[in-house]
Amino acid sequence: MKKSAAKGKAHLSDSRTTGRKWIPSYDVDNVSGAVAASLPDKLLPQLATLSKELPAAGNWVYEIKLDGYRILTRLDAGKAHLFTRNGNDWTQRMAPLAQDLGALGVRSAWLDGEVVVMSDHGVPDFNALQNAFDTARAESIAYFVFDLPYFEGYDLRRAPLHARKRLLRELVAAKGTGRVRYSEDFSGDAATVLKGACAMKLEGIIAKRSDAPYVSARTDTWLKLKCTRRQEFVIVGFRDRANATAQVGSLLLGYHDDEGNLTYAGAVGTGWNAATAVALRQRLGQIEVSVPTVDARTVEPGRWAKSDRGPEHWVKPEIVAEVSFTEWTPDGHVRHPSFLALRSDKPPSQITREAAKGNEMPPRPKKRNDRGAISD
C-alpha cells in the first residue's frame with residue numbers, strides 16, 4: 001500500500017489496480033493505537049460476556065444483538081474471504097456477498113460483523129437465514145458490519161472502538177450496498193435501548209466500551225444484554241412423536257461442564273412444524289447410537305413414561321440446537337424451552353452453559369452415585 005508524503009495520511013486513492021478510485025484518504029495513522037503492520041492471516045473474534053446488569057460507569061455504545069451468524073471478512077488485494085467465528089471458510093456459501101465486499105474498493109482489511117436475512121417486518125429472521133443457505137438463496141443475505149480490526153496497512157486492534165467505528169461508518173457510507181451495511185450504534189441510557197429492542201421482539205443488545213481495544217477473547221468490555229434466555233445446546237437424543245414415528249416429538253439437550261463432560265439439560269418439544277420434525281427425525285436417525293453420552297438416569301425416564309411419550313433414542317453429540325427458555329430449574333434443566341434452529345457455525349465441543357455476569361451461576365444438576373441416589 002502506498003502512503004502519501006503528508007504525515008498522518010494513509011493514501012488510498014490509487015486506481016491502477018481496478019480502474020476505479022479507492023476509498024478517499026483517511027487519517028488512519030493518526031489514530032491512537034494504530035500500528036502499521038502486514039495483514040494478519042487469521043483473526044479470532046472478540047466475544048461478549050452475558051450480563052444481567054446494565055453498565056454502571058464508563059462510556060458505552062449499544063448495538064442491536066442481531067440474530068444471525070458471526071462472520072469475519074479478510075480482504076486481501078481487494079478479494080474477500082468470509083470466515084465463521086471458528087475459522088471455517090464460508091466464502092462460496094455467500095458468493096454474492098463476497099462480490100459486494102470485493103467492490104468496496106479496499107485492498108486489505110479485516111471486517112467483523114453478522115450475516116442475517118431480514119423479515120418482512122424489518123427484523124432479522126434466523127430461520128430465513130438458514131433457509132437461504134439450504135436453498136442456495138444467498139442473495140438474500142445481508143452483512144451488518146460493526147468493527148474494523150485492520151484497515152489498509154494498519155492494525156487497529158489497539159485503537160479505541162469509537163475510532164474504529166468512525167472509519168468503518170465512513171467506509172460503508174461511501175461504498176456500502178444493500179448487502180453490506182453498517183450496524184448502527186446508540187449512545188445514552190442502556191435501559192431505554194434494551195427496552196426498545198425487547199419491544200421490537202429482538203434478541204437484545206450488545207453494550208461496548210467506546211474507548212476499549214479489540215481483543216480476540218471473551219471480555220467485559222463487550223456485554224450481552226438479552227430480552228429472553230436463549231443459548232445453544234448439544235442434541236444428545238430424541239423421542240419420537242406419539243403415533244407419528246417419522247417425526248421427532250422432543251429433543252434431548254446437553255452441554256459440556258467445566259470438565260468437558262456432557263450434562264443433560266432437559267428436553268424441548270415445541271418450536272418446529274411437521275416438515276421440520278420429519279427432517280430432524282431423518283437427520284438424527286442417521287447418527288443414532290445405543291449408548292447415551294449423558295447419564296441416562298438424569299433424563300427422568302419415569303417422568304416421560306406416558307402413552308404420549310416415546311422412549312429415548314440416543315445420538316452422537318454432533319448437532320447443535322439453539323433454544324429459548326424462561327429459566328433453569330433446581331435440577332439444572334431448562335424450563336419452558338422452545339426450539340429456535342440448528343446451528344452449523346458452532347462446534348458441539350464448545351457448547352457450555354452460559355452464565356450471566358453479575359449473577360450467581362444457574363444451579364448445577366445434582367450428581368447420582370452408582371446406586372442412582374442423588375448426592376451433593
# chains A, B, ... in the order shown; residues from 1 in each chain; ligands from 1
>>> select_by_dssp(residues="segment 117-310 of chain A", states="strand (DSSP E)", output="VMD selection string")
chain A and resid 142 to 151 154 to 155 180 to 182 185 to 186 204 to 209 218 to 226 229 to 241 244 to 256 262 to 268 288 to 289 309 to 310
>>> residues_around(residues="segment 158-166 of chain A", least_positions_apart="6", cutoff="12 Å", atoms="only C-alpha atoms", output="NGL selection string")
:A and (26-36 or 46 or 59-63 or 109-113 or 145-151 or 172-173 or 182-187 or 207-216 or 221-222)
>>> closest_residue(among="A:Leu97, A:Ile205, A:Val106, A:Met200", to="Gly178 of chain A", atoms="only C-alpha atoms")
A:Leu97
>>> residues_around(residues="Gly254 of chain A", least_positions_apart="2", cutoff="8 Å", atoms="only C-alpha atoms", output="list in words")
Phe233, Val234, Ile235, Val236, Leu252, His256, Leu262, Thr263, Tyr264, Ala265, Gly266 and Val294 of chain A
>>> closest_residue(among="A:Asp89, A:Glu152, A:Asn131, A:Val116", to="Asp76 of chain A", atoms="only C-alpha atoms")
A:Glu152
>>> closest_residue(among="A:Met94, A:Leu82, A:Arg70, A:Leu223", to="Glu53 of chain A", atoms="only C-alpha atoms")
A:Leu223
